[in-house]
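K.L.:
So here's model09.csv, just CSV, C-alpha atoms:
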```csv
chain,number,residue,atom,x,y,z
A,359,ASN,CA,0.0,0.0,0.0
A,360,SER,CA,1.7,3.2,-1.2
A,361,ILE,CA,0.5,6.8,-1.0
A,362,LYS,CA,2.4,9.7,-2.4
A,363,ALA,CA,1.1,13.1,-1.3
A,364,ASN,CA,2.2,16.2,0.6
A,365,VAL,CA,-0.7,16.0,3.0
A,366,ILE,CA,-2.4,12.8,4.0
A,367,ASN,CA,-5.6,13.0,6.1
A,368,ASN,CA,-6.7,9.8,7.8
A,369,ASN,CA,-10.0,11.0,9.2
A,370,ALA,CA,-11.8,9.7,12.3
A,371,GLY,CA,-12.3,5.9,12.0
A,372,GLY,CA,-10.2,5.8,8.8
A,373,LEU,CA,-8.0,2.9,7.8
A,374,ILE,CA,-4.8,2.7,5.7
A,375,GLN,CA,-3.7,-0.9,5.7
A,376,ALA,CA,-1.4,-3.4,4.0
A,377,ASN,CA,-2.3,-7.0,4.7
A,378,ALA,CA,0.9,-8.5,3.3
A,379,GLY,CA,3.3,-5.7,2.6
A,380,ASN,CA,4.7,-2.4,3.8
A,381,VAL,CA,2.7,0.8,4.1
A,382,ASP,CA,4.7,3.5,2.3
A,383,LEU,CA,3.8,7.2,2.8
A,384,GLN,CA,5.9,9.4,0.6
A,385,SER,CA,6.1,13.2,0.3
A,386,ASN,CA,5.2,14.4,-3.2
A,387,GLY,CA,7.9,17.0,-3.4
A,388,ALA,CA,7.1,19.1,-0.2
A,389,ALA,CA,9.8,19.6,2.3
A,390,THR,CA,7.6,18.1,5.0
A,391,LEU,CA,5.3,15.1,4.7
A,392,THR,CA,2.2,15.9,6.8
A,393,VAL,CA,0.0,13.1,8.1
A,394,VAL,CA,-3.1,14.0,10.2
A,395,THR,CA,-4.8,11.1,12.0
A,396,GLY,CA,-8.4,11.4,13.3
A,397,LEU,CA,-9.9,9.8,16.4
A,398,GLY,CA,-9.9,6.0,16.1
A,399,SER,CA,-8.1,6.0,12.7
A,400,ASN,CA,-5.4,3.4,12.0
A,401,ILE,CA,-2.4,3.0,9.7
A,402,ASN,CA,-1.5,-0.7,9.8
A,403,ALA,CA,1.2,-2.9,8.3
A,404,GLN,CA,0.0,-6.3,9.3
A,405,GLY,CA,2.5,-8.8,7.8
A,406,ALA,CA,4.9,-10.3,10.3
A,407,THR,CA,7.9,-8.5,8.9
A,408,ASN,CA,6.2,-5.5,7.4
A,409,ASP,CA,6.8,-1.8,8.2
A,410,ILE,CA,5.3,1.6,8.0
A,411,ARG,CA,7.8,3.6,6.0
A,412,PHE,CA,7.8,7.4,5.9
A,413,ASN,CA,9.5,8.8,2.7
A,414,PRO,CA,11.1,5.5,1.7
A,415,THR,CA,12.2,6.7,-1.7
A,416,SER,CA,13.1,10.4,-1.1
A,417,ALA,CA,13.9,12.0,2.2
A,418,ALA,CA,11.7,14.7,3.7
A,419,SER,CA,10.8,16.0,7.2
A,420,VAL,CA,7.8,14.2,8.8
A,421,SER,CA,4.9,15.4,10.8
A,422,VAL,CA,2.4,12.9,12.0
A,423,THR,CA,-0.1,14.2,14.5
A,424,GLY,CA,-3.6,13.5,15.9
A,425,THR,CA,-5.5,10.9,17.9
A,426,GLY,CA,-5.1,8.0,15.6
A,427,ASN,CA,-2.8,4.9,15.8
A,428,LEU,CA,0.2,3.6,13.9
A,429,SER,CA,0.6,-0.2,14.0
A,430,ALA,CA,3.5,-2.0,12.4
A,431,ALA,CA,4.2,-5.6,12.9
A,432,ASP,CA,7.9,-4.8,12.6
A,433,GLN,CA,9.1,-1.2,12.3
A,434,VAL,CA,8.0,2.4,11.8
A,435,ILE,CA,10.8,3.8,9.7
A,436,LEU,CA,11.7,7.5,9.2
A,437,ASN,CA,13.8,8.8,6.3
A,438,THR,CA,14.3,12.6,6.8
A,439,ASN,CA,18.0,13.0,6.0
A,440,GLY,CA,18.5,15.8,8.5
A,441,GLY,CA,14.9,17.0,8.5
A,442,ASP,CA,12.8,17.1,11.7
A,443,ALA,CA,10.4,14.3,12.6
A,444,THR,CA,7.4,14.7,14.8
A,445,ILE,CA,5.1,11.7,15.6
A,446,THR,CA,2.5,12.4,18.2
A,447,VAL,CA,-0.4,10.1,18.0
A,448,ASN,CA,-2.6,7.9,20.2
A,449,GLN,CA,-0.4,4.8,20.0
A,450,ILE,CA,2.7,3.8,18.1
A,451,GLY,CA,2.9,0.1,17.6
A,452,GLY,CA,6.2,-1.4,16.3
A,453,THR,CA,9.7,-0.2,16.7
A,454,LEU,CA,10.4,3.4,15.7
A,455,THR,CA,13.7,3.7,13.9
A,456,ALA,CA,15.3,5.9,11.2
A,457,SER,CA,17.2,5.0,8.0
A,458,SER,CA,18.9,8.4,7.9
A,459,LYS,CA,19.9,11.0,10.5
A,460,VAL,CA,17.0,13.1,11.9
A,461,GLY,CA,17.1,16.8,12.8
A,462,ASN,CA,15.0,17.1,15.9
A,463,LEU,CA,12.9,14.1,16.9
A,464,THR,CA,9.6,14.2,18.9
A,465,ALA,CA,7.9,10.8,19.4
A,466,THR,CA,4.9,10.5,21.6
A,467,SER,CA,2.6,7.6,22.1
A,468,THR,CA,-0.1,9.4,24.1
A,469,THR,CA,-2.0,6.4,25.5
A,470,GLY,CA,0.5,3.5,24.9
A,471,SER,CA,4.0,2.2,25.2
A,472,LEU,CA,6.9,3.2,22.9
A,473,THR,CA,10.0,1.5,21.5
A,474,LEU,CA,12.9,3.3,19.8
A,475,ASP,CA,15.9,1.6,18.2
A,476,THR,CA,18.8,2.9,16.2
A,477,ILE,CA,18.1,6.6,15.8
A,478,ALA,CA,20.6,9.4,15.4
A,479,THR,CA,19.7,13.1,15.5
A,480,THR,CA,21.6,16.3,14.8
A,481,GLY,CA,19.4,18.1,17.3
A,482,SER,CA,17.2,17.0,20.2
A,483,ALA,CA,15.4,13.8,20.9
A,484,LEU,CA,12.2,13.7,22.9
A,485,ALA,CA,10.3,10.4,23.5
A,486,THR,CA,7.2,9.9,25.7
A,487,ALA,CA,5.2,6.8,26.5
A,488,GLY,CA,1.9,8.0,27.8
A,489,ASN,CA,0.7,4.8,29.3
A,490,GLY,CA,3.1,1.9,29.1
A,491,ALA,CA,6.8,1.0,28.9
A,492,LEU,CA,9.4,3.1,27.1
A,493,SER,CA,12.4,1.2,25.7
A,494,VAL,CA,15.2,3.1,23.9
A,495,THR,CA,18.2,1.4,22.3
A,496,SER,CA,21.0,3.0,20.3
A,497,LEU,CA,19.9,6.7,20.5
A,498,THR,CA,22.4,9.4,19.8
A,499,ALA,CA,21.4,13.1,19.8
A,500,GLY,CA,23.4,16.2,18.9
A,501,SER,CA,21.8,18.1,21.8
A,502,THR,CA,19.3,17.2,24.5
A,503,ILE,CA,17.6,13.9,25.2
A,504,ASP,CA,14.4,13.7,27.2
A,505,LEU,CA,12.8,10.3,27.8
A,506,THR,CA,9.6,10.1,29.8
A,507,VAL,CA,7.1,7.6,31.0
A,508,THR,CA,3.9,9.3,32.1
A,509,THR,CA,2.3,6.3,33.7
A,510,GLY,CA,1.9,2.6,33.5
A,511,GLY,CA,5.4,1.1,32.8
A,512,ASN,CA,9.1,1.0,33.2
A,513,LEU,CA,11.8,2.9,31.3
A,514,THR,CA,14.9,1.2,29.8
A,515,ALA,CA,17.7,3.1,28.1
A,516,ASN,CA,20.4,1.1,26.3
A,517,SER,CA,23.3,2.8,24.6
A,518,VAL,CA,22.0,6.4,24.8
A,519,VAL,CA,24.3,9.4,24.1
A,520,GLY,CA,23.3,13.1,24.3
A,521,GLY,CA,25.3,16.1,23.2
A,522,THR,CA,23.9,18.2,26.0
A,523,ALA,CA,21.5,17.4,28.9
A,524,VAL,CA,20.1,13.9,29.2
A,525,THR,CA,16.9,13.5,31.3
A,526,LEU,CA,15.1,10.3,32.1
A,527,SER,CA,11.9,10.6,34.0
A,528,ASN,CA,9.5,7.8,35.1
A,529,ASN,CA,6.4,9.1,36.7
A,530,SER,CA,4.6,5.8,37.1
A,531,ALA,CA,3.4,5.4,40.7
A,532,ALA,CA,2.0,1.9,40.8
A,533,VAL,CA,3.8,-1.0,42.5
A,534,GLY,CA,5.8,-2.9,40.0
A,535,GLN,CA,6.2,0.1,37.7
A,536,GLY,CA,8.4,3.2,37.7
A,537,ALA,CA,11.8,1.6,37.3
A,538,VAL,CA,14.6,3.0,35.2
A,539,THR,CA,17.3,0.6,33.9
A,540,ILE,CA,20.5,1.5,32.1
A,541,GLY,CA,22.0,-1.1,29.8
A,542,GLY,CA,23.9,-1.6,26.5
A,543,THR,CA,26.9,0.6,26.3
A,544,GLY,CA,25.4,2.9,28.9
A,545,LEU,CA,24.0,6.4,29.2
A,546,SER,CA,26.1,9.6,28.7
A,547,SER,CA,26.0,13.3,28.1
A,548,THR,CA,29.1,14.5,26.3
A,549,GLY,CA,28.4,18.1,27.0
A,550,GLY,CA,25.9,18.5,29.9
A,551,THR,CA,24.0,17.1,32.8
A,552,VAL,CA,22.5,13.6,33.4
A,553,SER,CA,19.3,13.4,35.4
A,554,ILE,CA,17.5,10.1,36.2
A,555,THR,CA,14.3,10.0,38.2
A,556,SER,CA,12.3,6.9,38.9
A,557,GLY,CA,8.6,6.6,40.0
A,558,ALA,CA,7.3,6.4,43.5
A,559,ASN,CA,7.8,2.6,43.7
A,560,GLY,CA,10.5,2.3,41.1
A,561,SER,CA,14.3,1.8,41.5
A,562,ILE,CA,17.2,2.9,39.4
A,563,LEU,CA,19.4,0.1,38.1
A,564,ALA,CA,22.6,1.0,36.3
A,565,ASN,CA,23.9,-2.2,34.7
A,566,SER,CA,26.1,-0.1,32.3
A,567,ALA,CA,28.1,3.1,32.8
A,568,VAL,CA,26.4,6.5,33.5
A,569,THR,CA,28.6,9.5,32.6
A,570,GLY,CA,27.9,13.2,32.5
A,571,SER,CA,30.2,16.1,31.9
A,572,GLY,CA,27.9,18.2,34.1
A,573,ASN,CA,26.1,17.3,37.3
A,574,VAL,CA,24.8,13.7,37.5
A,575,THR,CA,21.7,13.2,39.6
A,576,LEU,CA,19.9,9.9,40.4
A,577,LEU,CA,16.7,10.3,42.3
A,578,THR,CA,14.2,7.5,43.2
A,579,GLY,CA,10.7,7.8,44.5
A,580,ALA,CA,9.8,7.3,48.2
A,581,ASN,CA,10.1,3.5,47.9
A,582,GLY,CA,13.0,3.1,45.5
A,583,ASN,CA,16.6,1.9,45.6
A,584,ILE,CA,19.7,2.7,43.6
A,585,ALA,CA,21.9,-0.1,42.4
A,586,LEU,CA,25.1,0.7,40.6
A,587,ASN,CA,26.6,-2.3,38.7
A,588,ALA,CA,28.8,-0.1,36.5
A,589,ASP,CA,30.8,3.1,37.0
A,590,THR,CA,28.7,6.2,37.5
A,591,LYS,CA,30.4,9.6,37.4
A,592,SER,CA,30.5,13.3,36.6
A,593,THR,CA,33.6,14.3,34.9
A,594,ALA,CA,33.3,18.0,35.6
A,595,GLY,CA,30.4,18.4,38.0
A,596,SER,CA,28.8,17.0,41.1
A,597,MET,CA,27.3,13.5,41.8
A,598,THR,CA,24.1,13.2,43.8
A,599,MET,CA,22.2,9.9,44.6
A,600,THR,CA,19.0,9.9,46.6
A,601,SER,CA,17.1,6.7,47.3
A,602,GLY,CA,13.7,6.2,49.0
A,603,THR,CA,13.2,6.9,52.6
A,604,GLY,CA,12.0,3.5,54.0
A,605,ALA,CA,13.9,1.3,56.3
A,606,ALA,CA,14.7,-1.1,53.5
A,607,ASN,CA,15.7,1.5,51.0
A,608,ASN,CA,19.3,1.8,50.0
A,609,VAL,CA,22.1,2.9,47.6
A,610,THR,CA,24.3,-0.1,46.7
A,611,ILE,CA,27.5,0.1,44.7
A,612,ALA,CA,28.7,-3.3,43.4
A,613,THR,CA,32.2,-4.6,43.9
A,614,GLY,CA,34.7,-3.1,41.5
A,615,VAL,CA,32.4,-0.2,40.7
A,616,THR,CA,33.2,3.5,41.3
A,617,ALA,CA,30.7,6.3,41.9
A,618,SER,CA,32.3,9.7,41.7
A,619,GLY,CA,31.8,13.5,41.3
A,620,ALA,CA,34.5,15.8,40.0
A,621,THR,CA,33.4,18.3,42.6
A,622,THR,CA,31.2,17.1,45.4
A,623,THR,CA,29.6,13.7,45.9
A,624,SER,CA,26.4,13.4,47.9
A,625,VAL,CA,24.4,10.2,48.9
A,626,ASN,CA,21.1,10.5,50.6
A,627,THR,CA,19.8,7.1,51.8
A,628,PRO,CA,19.0,5.2,55.0
A,629,THR,CA,21.5,2.5,54.0
A,630,LEU,CA,24.7,2.8,51.9
A,631,THR,CA,26.4,-0.4,50.9
A,632,LEU,CA,29.8,-0.6,49.2
A,633,ALA,CA,30.2,-4.2,48.2
A,634,GLY,CA,33.7,-5.8,47.9
A,635,THR,CA,36.1,-3.3,46.3
A,636,ALA,CA,33.5,-0.6,45.5
A,637,SER,CA,34.6,3.0,45.7
A,638,LEU,CA,32.8,6.3,46.4
A,639,LYS,CA,34.9,9.3,45.4
A,640,SER,CA,34.8,13.1,45.1
A,641,GLY,CA,37.3,15.5,43.5
A,642,SER,CA,37.5,19.1,44.7
A,643,GLY,CA,34.6,19.0,47.2
A,644,ASP,CA,33.2,17.0,50.1
A,645,ILE,CA,31.7,13.6,50.2
A,646,SER,CA,28.4,13.8,52.1
A,647,VAL,CA,26.5,10.7,53.2
A,648,GLN,CA,23.2,11.7,54.8
A,649,SER,CA,20.3,9.5,56.0
A,650,ASN,CA,16.9,10.5,54.7
A,651,GLY,CA,15.2,7.8,56.7
A,652,ALA,CA,13.3,7.8,60.0
A,653,LEU,CA,15.1,9.8,62.7
A,654,SER,CA,18.0,10.2,60.2
A,655,ALA,CA,19.4,6.8,61.3
A,656,LEU,CA,22.2,5.9,58.9
A,657,THR,CA,23.7,2.5,58.2
A,658,VAL,CA,26.9,2.1,56.1
A,659,ASN,CA,28.1,-1.3,55.0
A,660,LEU,CA,31.7,-1.4,53.8
A,661,GLY,CA,33.1,-4.4,52.0
A,662,SER,CA,36.6,-5.7,52.3
A,663,GLY,CA,38.7,-3.4,50.0
A,664,SER,CA,36.0,-0.7,49.6
A,665,THR,CA,37.0,2.9,49.8
A,666,ILE,CA,35.4,6.3,50.5
A,667,THR,CA,37.8,8.9,49.3
A,668,SER,CA,37.6,12.7,49.0
A,669,ALA,CA,40.7,13.8,47.1
A,670,ASN,CA,40.7,17.4,48.3
A,671,ALA,CA,38.1,17.9,50.9
A,672,ASN,CA,36.1,16.3,53.8
A,673,VAL,CA,34.0,13.2,54.3
A,674,THR,CA,30.9,13.8,56.4
A,675,PHE,CA,28.2,11.5,57.7
A,676,ASN,CA,24.8,13.0,58.7
A,677,ASN,CA,26.3,16.4,58.5
A,678,GLY,CA,23.0,18.0,57.6
A,679,THR,CA,20.7,16.3,60.1
A,680,ALA,CA,22.1,14.3,63.0
A,681,GLY,CA,21.1,10.7,63.6
A,682,ALA,CA,22.5,7.4,64.7
A,683,ILE,CA,25.4,6.1,62.6
A,684,THR,CA,26.2,2.4,62.4
A,685,MET,CA,29.3,1.4,60.4
A,686,ILE,CA,30.6,-1.9,61.7
A,687,GLY,CA,32.4,-5.0,60.4
A,688,GLY,CA,36.0,-3.7,60.3
A,689,ASN,CA,36.1,-3.3,56.6
A,690,GLY,CA,36.8,-0.5,54.2
A,691,SER,CA,38.9,2.7,54.2
A,692,ILE,CA,37.8,6.3,54.6
A,693,SER,CA,40.1,9.1,53.4
A,694,ALA,CA,39.8,12.9,53.4
A,695,GLY,CA,42.1,15.2,51.6
A,696,GLY,CA,43.2,18.8,51.2
A,697,ALA,CA,45.0,21.2,53.5
A,698,THR,CA,42.8,20.4,56.6
A,699,PRO,CA,41.2,17.0,56.0
A,700,SER,CA,38.4,15.9,58.3
A,701,VAL,CA,36.0,13.0,58.7
A,702,ASN,CA,32.9,14.0,60.6
A,703,LEU,CA,30.4,11.7,62.3
A,704,ASN,CA,27.3,13.7,63.4
A,705,GLY,CA,25.2,11.5,65.7
A,706,GLY,CA,23.9,14.4,67.7
A,707,GLY,CA,22.0,12.8,70.6
A,708,ASN,CA,22.2,9.4,69.0
A,709,ALA,CA,24.7,6.6,69.1
A,710,VAL,CA,27.7,6.5,66.8
A,711,ASN,CA,29.3,3.1,66.3
A,712,VAL,CA,32.0,2.9,63.7
A,713,ASP,CA,34.4,0.0,63.1
A,714,VAL,CA,36.4,0.2,59.8
A,715,ASN,CA,39.7,-0.9,58.5
A,716,SER,CA,41.2,2.6,58.4
A,717,ILE,CA,40.6,6.3,58.5
A,718,ASN,CA,43.4,8.5,57.2
A,719,CYS,CA,43.0,11.7,59.2
A,720,CYS,CA,41.3,13.7,61.9
A,721,THR,CA,37.9,12.4,63.0
A,722,SER,CA,35.4,14.5,64.8
A,723,GLY,CA,31.7,14.2,65.7
A,724,SER,CA,29.2,13.8,68.4
A,725,GLY,CA,26.8,11.1,69.8
A,726,SER,CA,25.1,9.9,72.9
A,727,THR,CA,27.7,7.2,72.8
A,728,PHE,CA,30.7,7.4,70.4
A,729,SER,CA,32.6,4.3,69.5
A,730,LEU,CA,35.4,4.5,66.8
A,731,SER,CA,37.8,1.8,65.9
```
Could you express the structure from this file as structure tokens?
P.N.:
Amino acid sequence: NSIKANVINNNAGGLIQANAGNVDLQSNGAATLTVVTGLGSNINAQGATNDIRFNPTSAASVSVTGTGNLSAADQVILNTNGGDATITVNQIGGTLTASSKVGNLTATSTTGSLTLDTIATTGSALATAGNGALSVTSLTAGSTIDLTVTTGGNLTANSVVGGTAVTLSNNSAAVGQGAVTIGGTGLSSTGGTVSITSGANGSILANSAVTGSGNVTLLTGANGNIALNADTKSTAGSMTMTSGTGAANNVTIATGVTASGATTTSVNTPTLTLAGTASLKSGSGDISVQSNGALSALTVNLGSGSTITSANANVTFNNGTAGAITMIGGNGSISAGGATPSVNLNGGGNAVNVDVNSINCCTSGSGSTFSLS
């Protein structure tokens, strides 16, 4: 099924369909192919390996809008050769991809899930799943990347690179939804910040590296955890990780993995675990570990060979709000740097119980009882 026109109107209830082939929609010479979809309309490629192809023979910008649906058994393919592409419809079925580089990309599945694979843009890339999962693989953008789940699913980002700010937001609140997972070759911003936010009951799982040249921020909802199974760092800014506030919530860094900020590094969680030889580092500024749990009680679990190291400043525990500090087991090393290095343990009117392998410098603090060894 092939249509060549500059403007294609698929009115309410309309159907453009190929039962055993591709659906090809081609601009007839205009710089932009415009497709308007009405309520309940459908553009379908039903064969098992069939696609919906926009501008398959001659590249042009693409604008697909309205309240209809796109449904491809295999792929929805864009060919813009540097032109912009906007697809904002009710649902996008099939994997959205591009056979040539896109200018600026906007892809929105208003009431459904969304899958993107192998897309490169010279400008920005914005993708939103309105009600369902968002899965993005091999996305490279010249400027900003903004990936959002509005409700109803998890967010997966595999091999995603932004030229400036990269923002991942999962707003799903239901139990079993709201997670953000990083995989593939990782997630990075070559020229800006990285911000990852999970839903109220979702956790952040970094199975591959997360890197930003600006500030890197990982924030879960009230019941989420952060698990780093690969290096996570800011090369020129700060690193901040904030988990949920429940007694079981935690930030966990796997053995051999480093979390670091070029300036400051801040961790806000009831429980921080550095497994095995995991490392938490900062460059020019402090490392701050602060409990955000009940009564600001903080537990720090250090594995054998783990390190908490501020190269040029202090290391503080519960510096913002005092609370009990428990760090036992005799493992791990804590090191502060700079001209007047300090490790501070702020228990306030609560017990401080610390037993680690080594602390390199002056240690200060307060507690109803204060045990340091």
K.L.:
For the interface of stretch 477-565 of chain A with stretch 587-601 of chain A (cut-off 10 Å, counting only C-alpha atoms), please tabulate each contacting residue of stretch 477-565 of chain A alongside its nearest pair of atoms and their separation in Å to one decimal, rows sorted by chain and increasing number, as a Markdown table.
P.N.:
```
| residue | atom | partner | partner_atom | distance |
| --- | --- | --- | --- | --- |
| A:Ile540 | CA | A:Ala588 | CA | 9.5 |
| A:Gly541 | CA | A:Ala588 | CA | 9.6 |
| A:Gly544 | CA | A:Ala588 | CA | 8.8 |
| A:Leu545 | CA | A:Thr590 | CA | 9.5 |
| A:Ser546 | CA | A:Lys591 | CA | 9.7 |
| A:Ser547 | CA | A:Ser592 | CA | 9.6 |
| A:Thr548 | CA | A:Thr593 | CA | 9.7 |
| A:Gly549 | CA | A:Ala594 | CA | 9.9 |
| A:Gly550 | CA | A:Gly595 | CA | 9.3 |
| A:Thr551 | CA | A:Gly595 | CA | 8.3 |
| A:Val552 | CA | A:Ser592 | CA | 8.6 |
| A:Ser553 | CA | A:Thr598 | CA | 9.7 |
| A:Ile554 | CA | A:Met599 | CA | 9.6 |
| A:Thr555 | CA | A:Thr600 | CA | 9.6 |
| A:Ser556 | CA | A:Ser601 | CA | 9.7 |
| A:Ser561 | CA | A:Ser601 | CA | 8.1 |
| A:Ile562 | CA | A:Ser601 | CA | 8.8 |
| A:Leu563 | CA | A:Asn587 | CA | 7.6 |
| A:Ala564 | CA | A:Asn587 | CA | 5.7 |
| A:Asn565 | CA | A:Asn587 | CA | 4.8 |
```
K.L.:
I'd like the contact shell of stretch 393-399 of chain A - 12 Å cut-off, all atoms listed in the file, skipping same-chain residues fewer than 5 positions apart - returned as a count of residues only.
P.N.:
38
K.L.:
Given all atoms listed in the file as the basis, pick out the residue of A:Ala483, A:Ala499, A:Ile584, A:Val524 nearest to A:Val538.
P.N.:
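Of A:Ala483, A:Ala499, A:Ile584, A:Val524, the one nearest A:Val538 is A:Ile584, counting all atoms listed in the file.
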K.L.:
At a cut-off of 12 Å, using only C-alpha atoms, what residues contact A:Ile645? Leave out same-chain residues fewer than 5 positions from it and give the result as a PyMOL selection string.
P.N.:
chain A and resi 596-599+617-626+637-640+665-677+692-695+699-702
K.L.:
Would you write out those residues with C-alpha atoms, as a short mmCIF file (atom, residue, chain, number, x, y, z; two decimals), keeping the file's coordinate frame?
P.N.:
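See out.cif below for the written result:
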```cif
data_model
loop_
_atom_site.label_atom_id
_atom_site.label_comp_id
_atom_site.auth_asym_id
_atom_site.auth_seq_id
_atom_site.Cartn_x
_atom_site.Cartn_y
_atom_site.Cartn_z
CA SER A 596 28.80 17.00 41.10
CA MET A 597 27.30 13.50 41.80
CA THR A 598 24.10 13.20 43.80
CA MET A 599 22.20 9.90 44.60
CA ALA A 617 30.70 6.30 41.90
CA SER A 618 32.30 9.70 41.70
CA GLY A 619 31.80 13.50 41.30
CA ALA A 620 34.50 15.80 40.00
CA THR A 621 33.40 18.30 42.60
CA THR A 622 31.20 17.10 45.40
CA THR A 623 29.60 13.70 45.90
CA SER A 624 26.40 13.40 47.90
CA VAL A 625 24.40 10.20 48.90
CA ASN A 626 21.10 10.50 50.60
CA SER A 637 34.60 3.00 45.70
CA LEU A 638 32.80 6.30 46.40
CA LYS A 639 34.90 9.30 45.40
CA SER A 640 34.80 13.10 45.10
CA THR A 665 37.00 2.90 49.80
CA ILE A 666 35.40 6.30 50.50
CA THR A 667 37.80 8.90 49.30
CA SER A 668 37.60 12.70 49.00
CA ALA A 669 40.70 13.80 47.10
CA ASN A 670 40.70 17.40 48.30
CA ALA A 671 38.10 17.90 50.90
CA ASN A 672 36.10 16.30 53.80
CA VAL A 673 34.00 13.20 54.30
CA THR A 674 30.90 13.80 56.40
CA PHE A 675 28.20 11.50 57.70
CA ASN A 676 24.80 13.00 58.70
CA ASN A 677 26.30 16.40 58.50
CA ILE A 692 37.80 6.30 54.60
CA SER A 693 40.10 9.10 53.40
CA ALA A 694 39.80 12.90 53.40
CA GLY A 695 42.10 15.20 51.60
CA PRO A 699 41.20 17.00 56.00
CA SER A 700 38.40 15.90 58.30
CA VAL A 701 36.00 13.00 58.70
CA ASN A 702 32.90 14.00 60.60
#
```
K.L.:
From the set A:Gly542, A:Gly651, A:Gly536, A:Gly582, which residue has the shortest atom-to-atom contact distance to A:Val494, counting only C-alpha atoms?
P.N.:
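Looking at the shortest contact to A:Val494, the residue is A:Gly542.
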K.L.:
Using all atoms listed in the file, can you tell me which of A:Pro414, A:Gly634, A:Gly705, A:Gly500 comes closest to A:Thr616?
P.N.:
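Closest to A:Thr616 of all the choices is A:Gly634.
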K.L.:
Enter the distance from atom CA of A:Thr495 to atom CA of A:Ala478, in Å, rounded to one decimal.
P.N.:
10.8 Å
K.L.:
Pick out the residues sitting within 10 Å of A:Thr679, and hand them over as a ChimeraX atom specification; count all atoms listed in the file, and ignore anything fewer than 3 positions along from it in its own chain.
P.N.:
/A:648-650,653-655,675-676,704-706
K.L.:
Atom CA of A:Thr603 and atom CA of A:Ser726, how far apart in Å?
P.N.:
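Atom CA of A:Thr603 lies 23.7 Å from atom CA of A:Ser726.
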K.L.:
At a cut-off of 9 Å from (7.6, 14.4, 24.4) in the coordinates of the file, what residues are picked up using all atoms listed in the file, written as a PyMOL selection string?
P.N.:
chain A and resi 446+464-467+483-487+504-506
K.L.:
Go ahead and save the picked residues with C-alpha atoms, as a compact mmCIF listing (two decimals), in the frame of the given file.
P.N.:
```txt
# COMPACT_ATOMS: atom_id res chain seq x y z
CA THR A 446 2.50 12.40 18.20
CA THR A 464 9.60 14.20 18.90
CA ALA A 465 7.90 10.80 19.40
CA THR A 466 4.90 10.50 21.60
CA SER A 467 2.60 7.60 22.10
CA ALA A 483 15.40 13.80 20.90
CA LEU A 484 12.20 13.70 22.90
CA ALA A 485 10.30 10.40 23.50
CA THR A 486 7.20 9.90 25.70
CA ALA A 487 5.20 6.80 26.50
CA ASP A 504 14.40 13.70 27.20
CA LEU A 505 12.80 10.30 27.80
CA THR A 506 9.60 10.10 29.80
```
K.L.:
Which residues come within 12 Å of A:Gly379, counting all atoms listed in the file, excluding same-chain residues fewer than 2 positions away, as a PyMOL selection string?
P.N.:
chain A and resi 359-360+375-377+381-382+402-411+430-432
K.L.:
In Å to one decimal, how far is atom CA of A:Asn512 from atom CA of A:Gly470?
P.N.:
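Straight-line distance from atom CA of A:Gly470 to atom CA of A:Asn512 works out to 12.2 Å.
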K.L.:
In terms of the shortest atom-to-atom distance over only C-alpha atoms, which of A:Ile477, A:Leu632, A:Ala378, A:Cys719 is closest to A:Asn439?
P.N.:
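Selected residue with least distance to A:Asn439: A:Ile477.
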